[in-house]
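Trainee: What follows is work-v9.csv, made up of CSV, C-alpha atoms and all ligand atoms:
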chain,number,residue,atom,x,y,z
B,14,MET,CA,228.2,310.9,153.6
B,15,LYS,CA,225.4,311.2,151.0
B,16,VAL,CA,225.9,308.8,148.0
B,17,LEU,CA,223.7,308.8,144.9
B,18,VAL,CA,223.0,305.1,144.1
B,19,THR,CA,221.7,304.6,140.6
B,20,GLY,CA,219.9,301.3,140.2
B,21,GLY,CA,219.7,301.1,144.0
B,22,MET,CA,216.4,299.1,143.8
B,23,GLY,CA,218.0,296.3,141.8
B,24,TYR,CA,219.6,293.1,143.1
B,25,ILE,CA,223.1,294.3,143.9
B,26,GLY,CA,222.1,297.9,144.6
B,27,SER,CA,219.5,297.0,147.2
B,28,HIS,CA,221.9,294.9,149.2
B,29,THR,CA,224.5,297.6,148.9
B,30,CYS,CA,222.0,300.2,150.2
B,31,VAL,CA,221.3,298.0,153.3
B,32,GLN,CA,225.0,297.6,154.0
B,33,MET,CA,225.6,301.4,153.4
B,34,LEU,CA,222.9,302.3,155.9
B,35,GLN,CA,224.4,299.9,158.5
B,36,ALA,CA,227.7,301.6,157.9
B,37,GLY,CA,226.3,305.1,158.5
B,38,LEU,CA,226.3,306.1,154.8
B,39,GLU,CA,223.2,307.8,153.3
B,40,PRO,CA,222.1,306.3,150.0
B,41,ILE,CA,219.9,308.4,147.7
B,42,ILE,CA,218.4,306.1,145.2
B,43,VAL,CA,217.6,306.8,141.6
B,44,ASP,CA,215.9,304.0,139.7
B,45,ASN,CA,213.4,303.8,136.8
B,46,LEU,CA,212.1,300.5,138.1
B,47,CYS,CA,212.5,298.8,134.7
B,48,ASN,CA,213.9,295.7,136.4
B,49,SER,CA,212.9,296.1,140.0
B,50,LYS,CA,209.9,296.8,142.3
B,51,LEU,CA,208.9,299.5,144.7
B,52,ALA,CA,208.5,296.8,147.4
B,53,VAL,CA,212.3,296.7,147.7
B,54,LEU,CA,212.1,300.1,149.5
B,55,ASP,CA,209.9,298.6,152.2
B,56,ARG,CA,212.3,295.7,152.7
B,57,ILE,CA,215.3,298.0,153.0
B,58,GLU,CA,213.3,300.0,155.6
B,59,ALA,CA,212.3,296.9,157.5
B,60,LEU,CA,215.9,295.8,157.7
B,61,THR,CA,217.5,299.1,158.6
B,62,LYS,CA,214.7,301.2,160.1
B,63,VAL,CA,215.5,303.9,157.6
B,64,ARG,CA,213.6,304.6,154.4
B,65,PRO,CA,216.1,305.9,151.9
B,66,ILE,CA,215.2,308.8,149.7
B,67,PHE,CA,214.1,307.4,146.4
B,68,TYR,CA,213.6,309.1,143.1
B,69,GLN,CA,211.9,307.2,140.3
B,70,GLY,CA,213.6,308.4,137.1
B,71,ASP,CA,216.0,307.5,134.3
B,72,VAL,CA,219.8,308.1,134.4
B,73,ARG,CA,219.5,309.2,130.7
B,74,ASP,CA,217.5,312.2,131.7
B,75,GLN,CA,220.0,314.9,132.6
B,76,ALA,CA,217.4,317.5,133.7
B,77,PHE,CA,216.1,314.9,136.2
B,78,LEU,CA,219.6,314.2,137.5
B,79,ASP,CA,220.5,317.9,137.8
B,80,LYS,CA,217.4,318.3,140.0
B,81,VAL,CA,218.5,315.4,142.3
B,82,PHE,CA,222.0,316.7,142.6
B,83,SER,CA,220.7,320.2,143.3
B,84,GLU,CA,218.5,318.9,146.2
B,85,HIS,CA,221.2,317.1,148.1
B,86,ASP,CA,224.9,317.6,149.1
B,87,ILE,CA,226.0,314.4,147.3
B,88,GLN,CA,229.7,313.4,147.7
B,89,SER,CA,229.9,310.3,145.6
B,90,VAL,CA,228.0,308.1,143.1
B,91,ILE,CA,227.6,304.4,142.8
B,92,HIS,CA,226.4,303.6,139.3
B,93,PHE,CA,224.5,300.2,139.2
B,94,ALA,CA,221.8,301.3,136.8
B,95,GLY,CA,221.8,299.4,133.5
B,96,LEU,CA,220.5,296.4,131.6
B,97,LYS,CA,222.3,293.1,132.2
B,98,ALA,CA,220.8,290.2,130.2
B,99,VAL,CA,223.4,288.9,127.7
B,100,GLY,CA,220.9,287.1,125.4
B,101,GLU,CA,218.6,290.1,125.3
B,102,SER,CA,221.5,292.4,124.5
B,103,VAL,CA,222.1,290.4,121.3
B,104,ALA,CA,218.5,290.9,120.3
B,105,LYS,CA,218.4,294.6,121.4
B,106,PRO,CA,221.9,296.1,121.0
B,107,LEU,CA,220.7,299.6,120.5
B,108,GLU,CA,218.7,299.5,123.8
B,109,TYR,CA,221.7,298.1,125.6
B,110,TYR,CA,224.1,300.7,124.3
B,111,ASP,CA,221.6,303.5,124.9
B,112,ASN,CA,221.0,302.5,128.5
B,113,ASN,CA,224.4,301.3,129.6
B,114,VAL,CA,226.7,303.6,127.6
B,115,ASN,CA,224.5,306.7,127.0
B,116,GLY,CA,223.2,306.4,130.6
B,117,SER,CA,226.7,306.5,132.0
B,118,LEU,CA,227.7,309.5,129.9
B,119,VAL,CA,224.7,311.5,130.9
B,120,LEU,CA,225.4,310.6,134.5
B,121,ALA,CA,229.0,311.7,134.2
B,122,ARG,CA,227.9,315.0,132.6
B,123,ALA,CA,225.4,315.7,135.4
B,124,MET,CA,228.1,314.9,138.0
B,125,ARG,CA,230.4,317.4,136.3
B,126,THR,CA,227.7,320.0,136.3
B,127,ALA,CA,227.1,319.4,140.0
B,128,GLY,CA,230.8,319.3,140.9
B,129,VAL,CA,230.6,315.7,142.2
B,130,LYS,CA,233.9,314.0,141.3
B,131,SER,CA,233.8,310.5,142.7
B,132,ILE,CA,232.1,307.5,141.0
B,133,VAL,CA,232.1,303.8,141.5
B,134,PHE,CA,231.0,301.9,138.4
B,135,SER,CA,229.5,298.4,138.1
B,136,SER,CA,231.7,296.7,135.5
B,137,SER,CA,232.0,293.0,134.9
B,138,ALA,CA,234.5,290.2,134.5
B,139,THR,CA,232.9,289.8,131.1
B,140,VAL,CA,235.3,292.6,129.9
B,141,TYR,CA,238.1,290.0,130.1
B,142,GLY,CA,236.4,287.8,127.5
B,143,ASP,CA,237.9,284.3,127.3
B,144,PRO,CA,240.9,284.5,129.6
B,145,THR,CA,244.2,283.1,128.5
B,146,SER,CA,245.0,282.2,132.1
B,147,VAL,CA,243.5,282.1,135.6
B,148,PRO,CA,243.3,283.7,138.1
B,149,ILE,CA,242.5,286.8,136.2
B,150,THR,CA,244.4,289.9,137.4
B,151,GLU,CA,243.3,293.5,136.7
B,152,ASP,CA,246.2,293.7,134.2
B,153,SER,CA,244.8,290.8,132.1
B,154,PRO,CA,243.8,291.7,128.5
B,155,VAL,CA,240.4,293.3,128.2
B,156,GLY,CA,238.1,294.1,125.3
B,157,ALA,CA,237.6,290.7,123.5
B,158,THR,CA,234.0,290.7,124.6
B,159,THR,CA,231.5,288.4,122.9
B,160,ASN,CA,228.2,290.2,123.1
B,161,PRO,CA,226.7,293.7,123.2
B,162,TYR,CA,226.2,293.6,127.0
B,163,GLY,CA,229.9,292.9,127.5
B,164,ARG,CA,230.9,295.5,125.0
B,165,SER,CA,228.7,298.1,126.6
B,166,LYS,CA,230.6,297.6,129.9
B,167,TYR,CA,234.0,297.7,128.1
B,168,ILE,CA,233.0,300.9,126.2
B,169,VAL,CA,232.0,302.6,129.4
B,170,GLU,CA,235.3,301.6,131.0
B,171,CYS,CA,237.1,303.2,127.9
B,172,CYS,CA,234.9,306.3,128.1
B,173,PHE,CA,235.6,306.7,131.9
B,174,SER,CA,239.3,306.1,131.4
B,175,ASP,CA,239.5,308.8,128.7
B,176,PHE,CA,237.3,311.1,130.8
B,177,TYR,CA,239.7,310.6,133.8
B,178,ASP,CA,242.7,311.6,131.6
B,179,SER,CA,240.9,314.9,131.0
B,180,GLN,CA,239.8,315.3,134.7
B,181,PRO,CA,242.7,313.9,136.8
B,182,ASP,CA,241.2,315.3,140.0
B,183,TRP,CA,238.3,312.8,139.8
B,184,SER,CA,238.1,309.4,141.5
B,185,ILE,CA,236.8,306.9,139.1
B,186,THR,CA,236.5,303.3,140.3
B,187,LEU,CA,235.7,300.4,138.0
B,188,LEU,CA,234.7,297.3,139.9
B,189,ARG,CA,234.7,294.1,137.8
B,190,TYR,CA,232.3,291.7,139.4
B,191,PHE,CA,232.6,288.0,139.0
B,192,ASN,CA,229.4,286.0,139.6
B,193,PRO,CA,227.2,287.6,142.2
B,194,VAL,CA,224.8,285.2,143.9
B,195,GLY,CA,223.1,284.8,147.3
B,196,ALA,CA,220.7,287.0,149.2
B,197,HIS,CA,220.3,288.9,152.4
B,198,PRO,CA,220.6,286.4,155.3
B,199,SER,CA,217.2,287.5,156.6
B,200,GLY,CA,215.5,286.1,153.5
B,201,SER,CA,213.7,289.4,152.9
B,202,MET,CA,215.8,290.5,150.0
B,203,GLY,CA,217.3,288.6,147.0
B,204,GLU,CA,217.5,288.3,143.3
B,205,ASP,CA,214.1,288.5,141.5
B,206,PRO,CA,214.6,287.9,137.8
B,207,GLN,CA,211.7,288.7,135.5
B,208,GLY,CA,210.8,285.7,133.2
B,209,THR,CA,213.1,282.8,132.7
B,210,PRO,CA,216.4,283.3,134.6
B,211,ASN,CA,219.5,283.5,132.5
B,212,ASN,CA,221.9,282.9,135.3
B,213,LEU,CA,222.7,279.6,137.0
B,214,MET,CA,221.8,280.3,140.7
B,215,PRO,CA,218.3,281.8,140.2
B,216,PHE,CA,217.5,279.0,137.8
B,217,ILE,CA,218.6,276.3,140.3
B,218,ALA,CA,216.6,278.1,143.0
B,219,GLN,CA,213.4,278.1,140.9
B,220,VAL,CA,213.9,274.4,140.2
B,221,ALA,CA,214.2,273.8,143.9
B,222,VAL,CA,211.0,275.7,144.7
B,223,GLY,CA,209.1,273.9,142.0
B,224,ARG,CA,208.7,276.8,139.5
B,225,ARG,CA,210.8,275.0,136.8
B,226,ASP,CA,211.1,271.3,136.0
B,227,LYS,CA,214.8,270.9,135.6
B,228,LEU,CA,218.1,272.8,135.0
B,229,SER,CA,219.8,272.6,131.6
B,230,VAL,CA,223.5,272.2,132.3
B,231,PHE,CA,225.2,273.9,129.4
B,232,GLY,CA,228.0,271.5,128.4
B,233,ASP,CA,229.9,268.8,130.3
B,234,ASP,CA,232.8,268.6,127.9
B,235,TYR,CA,234.8,271.6,129.0
B,236,PRO,CA,238.5,271.1,130.0
B,237,THR,CA,237.5,271.4,133.7
B,238,PRO,CA,237.6,268.8,136.5
B,239,ASP,CA,234.0,267.6,135.9
B,240,GLY,CA,233.6,269.0,132.4
B,241,THR,CA,231.1,271.7,133.4
B,242,GLY,CA,231.8,275.5,133.4
B,243,VAL,CA,233.7,276.9,136.4
B,244,ARG,CA,233.0,280.4,137.7
B,245,ASP,CA,233.9,282.6,140.7
B,246,TYR,CA,230.6,282.9,142.6
B,247,ILE,CA,230.6,285.8,145.2
B,248,HIS,CA,228.0,286.4,147.9
B,249,VAL,CA,226.0,289.6,147.1
B,250,MET,CA,226.6,290.7,150.7
B,251,ASP,CA,230.4,290.5,150.2
B,252,LEU,CA,230.0,292.4,147.0
B,253,ALA,CA,228.0,295.1,148.8
B,254,ASP,CA,230.7,295.4,151.4
B,255,GLY,CA,233.3,295.7,148.6
B,256,HIS,CA,231.5,298.9,147.3
B,257,ILE,CA,231.7,300.4,150.8
B,258,ALA,CA,235.4,299.5,151.1
B,259,ALA,CA,236.0,301.1,147.7
B,260,LEU,CA,234.0,304.3,148.6
B,261,ASN,CA,235.9,304.7,151.8
B,262,THR,CA,239.4,304.1,150.4
B,263,VAL,CA,240.0,304.9,146.7
B,264,GLY,CA,236.7,306.7,146.4
B,265,GLN,CA,238.2,309.5,148.4
B,266,LYS,CA,241.4,309.7,146.3
B,267,SER,CA,241.7,311.0,142.8
B,268,GLY,CA,242.7,308.3,140.3
B,269,LEU,CA,241.4,305.7,137.9
B,270,HIS,CA,241.0,302.7,140.2
B,271,ILE,CA,240.3,299.2,138.8
B,272,TYR,CA,239.5,296.1,140.9
B,273,ASN,CA,238.2,292.6,140.6
B,274,LEU,CA,235.5,291.7,143.1
B,275,GLY,CA,235.5,287.9,143.4
B,276,THR,CA,236.5,285.3,145.9
B,277,GLY,CA,239.5,283.8,144.0
B,278,ASN,CA,237.8,280.3,144.0
B,279,GLY,CA,236.2,278.5,141.1
B,280,SER,CA,233.2,276.2,141.4
B,281,SER,CA,231.7,274.1,138.6
B,282,VAL,CA,228.0,274.0,137.7
B,283,ILE,CA,227.7,270.5,139.2
B,284,GLU,CA,229.4,271.6,142.4
B,285,MET,CA,226.8,274.5,142.6
B,286,VAL,CA,223.9,272.1,142.0
B,287,ASN,CA,225.2,269.7,144.8
B,288,ALA,CA,225.8,272.6,147.2
B,289,PHE,CA,222.3,273.9,146.6
B,290,SER,CA,220.8,270.5,147.0
B,291,GLU,CA,222.6,270.1,150.4
B,292,ALA,CA,221.5,273.6,151.6
B,293,SER,CA,217.9,273.2,150.6
B,294,GLY,CA,217.3,269.5,151.1
B,295,LYS,CA,215.8,269.4,147.6
B,296,GLU,CA,216.9,267.3,144.7
B,297,ILE,CA,217.8,269.5,141.7
B,298,ALA,CA,216.8,267.7,138.5
B,299,TYR,CA,219.1,268.5,135.6
B,300,GLU,CA,220.0,267.4,132.1
B,301,ILE,CA,223.2,267.8,130.2
B,302,CYS,CA,222.7,270.0,127.2
B,303,PRO,CA,224.9,271.5,124.5
B,304,ARG,CA,227.3,274.3,125.4
B,305,ARG,CA,225.7,277.8,125.5
B,306,PRO,CA,227.2,279.9,122.6
B,307,GLY,CA,229.7,282.5,123.9
B,308,ASP,CA,230.4,280.7,127.2
B,309,ILE,CA,233.9,280.2,128.4
B,310,ALA,CA,235.3,277.2,130.3
B,311,GLU,CA,236.5,278.8,133.4
B,312,CYS,CA,237.2,282.0,135.1
B,313,TRP,CA,238.1,283.2,138.6
B,314,ALA,CA,239.6,286.3,140.0
B,315,SER,CA,242.9,287.3,141.5
B,316,THR,CA,241.8,289.1,144.6
B,317,SER,CA,245.1,290.4,145.9
B,318,LYS,CA,244.8,294.0,144.5
B,319,ALA,CA,241.4,294.6,146.2
B,320,GLU,CA,242.7,293.0,149.4
B,321,GLN,CA,245.7,295.2,149.5
B,322,ASP,CA,244.2,298.6,148.4
B,323,LEU,CA,240.6,298.3,149.7
B,324,GLY,CA,241.3,296.2,152.8
B,325,TRP,CA,238.4,294.0,151.6
B,326,LYS,CA,238.2,290.3,151.0
B,327,ALA,CA,235.1,288.1,150.3
B,328,SER,CA,234.5,285.9,153.3
B,329,ARG,CA,231.2,284.1,152.7
B,330,SER,CA,231.3,280.4,151.6
B,331,ILE,CA,229.4,278.6,148.8
B,332,MET,CA,227.3,277.0,151.6
B,333,GLU,CA,226.2,280.5,152.8
B,334,MET,CA,225.6,281.6,149.2
B,335,THR,CA,223.3,278.6,148.5
B,336,ALA,CA,221.6,278.6,152.0
B,337,ASP,CA,220.8,282.3,151.8
B,338,THR,CA,219.5,282.0,148.2
B,339,TRP,CA,217.2,279.1,149.4
B,340,ASN,CA,216.1,281.1,152.4
B,341,TRP,CA,215.1,284.0,150.1
B,342,GLN,CA,213.5,281.8,147.4
B,343,SER,CA,211.5,279.6,149.8
B,344,LYS,CA,210.2,282.6,151.7
B,345,ASN,CA,209.4,284.5,148.5
B,346,PRO,CA,208.6,281.8,145.9
B,347,GLN,CA,207.3,284.4,143.4
B,348,GLY,CA,209.9,287.1,144.2
B,349,TYR,CA,208.9,290.5,145.6
E,401,LIG,P1,219.3,294.7,138.4
E,401,LIG,O1,218.7,294.7,137.0
E,401,LIG,O2,218.8,293.9,139.5
E,401,LIG,O3,219.5,296.2,138.9
E,401,LIG,C1,219.7,297.3,138.0
E,401,LIG,C2,218.7,298.4,138.4
E,401,LIG,O4,218.9,299.5,137.5
E,401,LIG,C3,217.3,297.9,138.3
E,401,LIG,O5,216.6,298.3,139.5
E,401,LIG,C4,216.7,298.7,137.1
E,401,LIG,O6,215.3,299.1,137.3
E,401,LIG,C5,217.6,300.0,137.1
E,401,LIG,N1,217.8,300.6,135.8
E,401,LIG,C6,218.1,300.1,134.6
E,401,LIG,N2,218.2,301.0,133.7
E,401,LIG,C7,218.0,302.2,134.3
E,401,LIG,C8,218.0,303.6,133.9
E,401,LIG,N3,218.2,303.9,132.6
E,401,LIG,N4,217.7,304.5,134.8
E,401,LIG,C9,217.5,304.2,136.1
E,401,LIG,N5,217.5,303.0,136.6
E,401,LIG,C10,217.7,302.0,135.7
E,401,LIG,O7,220.9,294.3,138.1
E,401,LIG,P2,222.0,293.9,139.2
E,401,LIG,O8,222.2,292.4,139.1
E,401,LIG,O9,221.7,294.5,140.5
E,401,LIG,O10,223.2,294.6,138.5
E,401,LIG,C11,223.6,295.9,138.8
E,401,LIG,C12,224.8,296.3,137.9
E,401,LIG,O11,225.9,295.4,138.1
E,401,LIG,C13,224.4,296.4,136.5
E,401,LIG,O12,225.1,297.5,135.9
E,401,LIG,C14,225.0,295.1,135.9
E,401,LIG,O13,225.3,295.1,134.6
E,401,LIG,C15,226.2,294.9,136.8
E,401,LIG,N6,226.7,293.5,136.9
E,401,LIG,C16,225.8,292.6,137.3
E,401,LIG,C17,226.2,291.2,137.4
E,401,LIG,C18,225.2,290.2,137.8
E,401,LIG,O14,225.5,289.0,137.5
E,401,LIG,N7,224.1,290.5,138.5
E,401,LIG,C19,227.5,290.9,137.1
E,401,LIG,C20,228.4,291.9,136.7
E,401,LIG,C21,228.0,293.2,136.6
E,402,LIG,N1,224.7,277.6,133.3
E,402,LIG,C1,224.0,276.4,133.1
E,402,LIG,N2,222.6,276.5,133.0
E,402,LIG,C2,221.9,277.6,133.2
E,402,LIG,C3,222.6,278.8,133.4
E,402,LIG,C4,224.0,278.8,133.4
E,402,LIG,O1,224.6,275.4,133.0
E,402,LIG,O2,220.7,277.6,133.1
E,402,LIG,C5,226.1,277.6,133.4
E,402,LIG,C6,226.9,278.5,132.4
E,402,LIG,O3,227.1,277.7,131.2
E,402,LIG,C7,228.1,278.8,133.2
E,402,LIG,C8,227.7,278.9,134.6
E,402,LIG,O4,226.5,278.2,134.7
E,402,LIG,O5,229.1,277.8,133.1
E,402,LIG,C9,227.4,280.4,135.1
E,402,LIG,O6,226.5,281.0,134.1
E,402,LIG,P1,225.8,282.4,134.4
E,402,LIG,O7,224.9,282.7,133.3
E,402,LIG,O8,225.2,282.3,135.8
E,402,LIG,O9,227.0,283.4,134.5
E,402,LIG,P2,228.1,283.8,133.4
E,402,LIG,O10,227.9,283.0,132.2
E,402,LIG,O11,227.8,285.2,133.2
E,402,LIG,O12,229.4,283.5,134.0
Re-express the file's structure as structure tokens.
Ligand code: NAD
Ligand code: UDP
Mentor:
Amino acid sequence: MKVLVTGGMGYIGSHTCVQMLQAGLEPIIVDNLCNSKLAVLDRIEALTKVRPIFYQGDVRDQAFLDKVFSEHDIQSVIHFAGLKAVGESVAKPLEYYDNNVNGSLVLARAMRTAGVKSIVFSSSATVYGDPTSVPITEDSPVGATTNPYGRSKYIVECCFSDFYDSQPDWSITLLRYFNPVGAHPSGSMGEDPQGTPNNLMPFIAQVAVGRRDKLSVFGDDYPTPDGTGVRDYIHVMDLADGHIAALNTVGQKSGLHIYNLGTGNGSSVIEMVNAFSEASGKEIAYEICPRRPGDIAECWASTSKAEQDLGWKASRSIMEMTADTWNWQSKNPQGY
């Protein structure tokens, strides 16, 4: 099955392409390389012995997408392409709405023109805002997002839901990721943030490899066991497998399908620091700093809906997440 993968050169998209190729699916990648490098294609080829078809281009360019759809018999789309830095979204809201919202609308229009009716969309647990209770189920309230990035994901969910109501023969799957971390176990692919990392795991990895002096722990006065923020970290390989499970199950059935992709377990910042230290044998220097504005105390997923409908469950441990991140970071200290 040929699947258009937008943003397939990025962190989650590249790992998903590898797993797709291993599963006998054929990804056709569209990416404008605004946050990724061409070298990713070589790494995918080295791991799978297949060089996926790649088009450098922008999902906001419908003429370009029309051409891609006309050249291949595409059955489904996985839509990863977008901008993802929360802080940057506050400074550049128009760019975020244009890329994430407009990009998704242009893509849906191009799919309609081409008669492709199955899409899996990268949403985020951020659509739940500050949850009233944990674990978070797919029925928990959504929409109380705290920044333009989160709102852009919520808006796309609303647009796709309205679009589904008008086109009930489509399959639209919204996957709400919790906190993706880790890397391919080979150490040849991983997360390669440009500039200072915003997220915890790549920041810790850069401290361990000596690119940064110390981690700032944003708050130790949350109502959590050790006072630091608790999140549901999920290995990127599990996340990749979750997309394939979604494609193979609900991706083949009309409906608006919504799933959390998480592990169902919460880990604190300090627990992640300690796990990384153990995996890498490096001490991770850190200092306690004030809370980061907009952060929530804790969140983790209810995983039963995905387990039941997709037959998928995350299986990789925190030890594998930290060990694989370290393997990638130590072999590629400057990224790709
Ligand atoms: P990433 O930045 O590594 O990958 C996104 C890719 O999309 C990049 O290769 C980038 O060059 C490309 N891209 C961006 N705008 C584009 C455009 N207009 N046209 C074509 N290509 C474009 O990010 P990621 O971590 O792999 O995230 C993938 C998706 O998952 C994003 O939509 C993100 O918002 C979502 N998500 C990520 C996380 C996370 O923590 N990484 C959590 C929840 C949701
Ligand atoms: N965090 C931290 N220092 C950092 C980055 C993150 O203490 O440099 C904390 C953050 O406050 C949160 C957790 O780590 O409790 C996960 O943050 P991340 O930005 O990775 O994910 P998100 O906020 O999207 O859940």
Trainee: For Lys97 in chain B, which residue among B:Ser184, B:Ser165, B:Ser117, B:Asn273 is the nearest when counting all atoms listed in the file?
Mentor: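 Of all the options, B:Ser165 lies closest to Lys97 in chain B.
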Trainee: Restrict the calculation to only C-alpha atoms and all ligand atoms, then for each residue of chain B with any atom at most 10 Å from an atom of ligand LIG 402 (chain E) give the closest atom pair and their distance in Å to one decimal, rows by chain and rising residue number, as a tab-separated table.
Mentor:
residue	atom	partner	partner_atom	distance
B:Lys97	CA	E:LIG402	O11	9.7
B:Ala98	CA	E:LIG402	O7	9.1
B:Val99	CA	E:LIG402	O11	8.0
B:Gly100	CA	E:LIG402	O7	9.9
B:Ser137	CA	E:LIG402	O11	9.0
B:Ala138	CA	E:LIG402	O12	8.4
B:Thr139	CA	E:LIG402	O11	7.2
B:Gly163	CA	E:LIG402	O11	9.8
B:Phe191	CA	E:LIG402	O12	7.4
B:Asn192	CA	E:LIG402	O12	6.1
B:Pro193	CA	E:LIG402	O8	8.5
B:Val194	CA	E:LIG402	O8	8.6
B:Thr209	CA	E:LIG402	O2	9.2
B:Pro210	CA	E:LIG402	O2	7.3
B:Asn211	CA	E:LIG402	O7	5.5
B:Asn212	CA	E:LIG402	O8	3.4
B:Leu213	CA	E:LIG402	C3	3.7
B:Met214	CA	E:LIG402	O8	6.3
B:Pro215	CA	E:LIG402	O8	8.2
B:Phe216	CA	E:LIG402	O2	5.9
B:Ile217	CA	E:LIG402	O2	7.6
B:Lys227	CA	E:LIG402	O2	9.3
B:Leu228	CA	E:LIG402	O2	5.8
B:Ser229	CA	E:LIG402	N2	5.0
B:Val230	CA	E:LIG402	O1	3.5
B:Phe231	CA	E:LIG402	O1	3.9
B:Gly232	CA	E:LIG402	O3	6.9
B:Asp233	CA	E:LIG402	O1	8.9
B:Tyr235	CA	E:LIG402	O5	9.4
B:Gly240	CA	E:LIG402	O5	9.9
B:Thr241	CA	E:LIG402	O5	6.4
B:Gly242	CA	E:LIG402	O5	3.6
B:Val243	CA	E:LIG402	O5	5.7
B:Arg244	CA	E:LIG402	O12	6.0
B:Asp245	CA	E:LIG402	O12	8.1
B:Tyr246	CA	E:LIG402	C9	8.5
B:Ser280	CA	E:LIG402	C8	9.2
B:Ser281	CA	E:LIG402	O5	7.1
B:Val282	CA	E:LIG402	O4	5.4
B:Ile283	CA	E:LIG402	O1	8.5
B:Met285	CA	E:LIG402	O4	8.7
B:Val286	CA	E:LIG402	O1	9.6
B:Tyr299	CA	E:LIG402	N2	9.1
B:Glu300	CA	E:LIG402	O1	9.3
B:Ile301	CA	E:LIG402	O1	8.2
B:Cys302	CA	E:LIG402	O1	8.1
B:Pro303	CA	E:LIG402	O1	9.4
B:Arg304	CA	E:LIG402	O3	6.7
B:Arg305	CA	E:LIG402	O3	5.9
B:Pro306	CA	E:LIG402	O3	8.9
B:Gly307	CA	E:LIG402	O10	8.5
B:Asp308	CA	E:LIG402	O3	6.0
B:Ile309	CA	E:LIG402	O5	7.1
B:Ala310	CA	E:LIG402	O5	6.8
B:Glu311	CA	E:LIG402	O5	7.5
B:Cys312	CA	E:LIG402	O12	8.0
B:Trp313	CA	E:LIG402	O12	9.8
Trainee: Would you compute the distance between CA of Ile87 in chain B and atom N7 of ligand LIG 401 (chain E)? Give it in Å to one decimal.
Mentor: 25.5 Å
Trainee: Residues at most 9 Å from ligand LIG 401 (chain E), using only C-alpha atoms and all ligand atoms? Could they come as a count of residues only?
Mentor: 58
Trainee: At a cut-off of 12 Å, using only C-alpha atoms, what residues contact Gln321 in chain B? Leave out same-chain residues fewer than 2 positions from it and give the result as a ChimeraX atom specification.
Mentor: /B:258-259,262-263,272-273,315-319,323-326
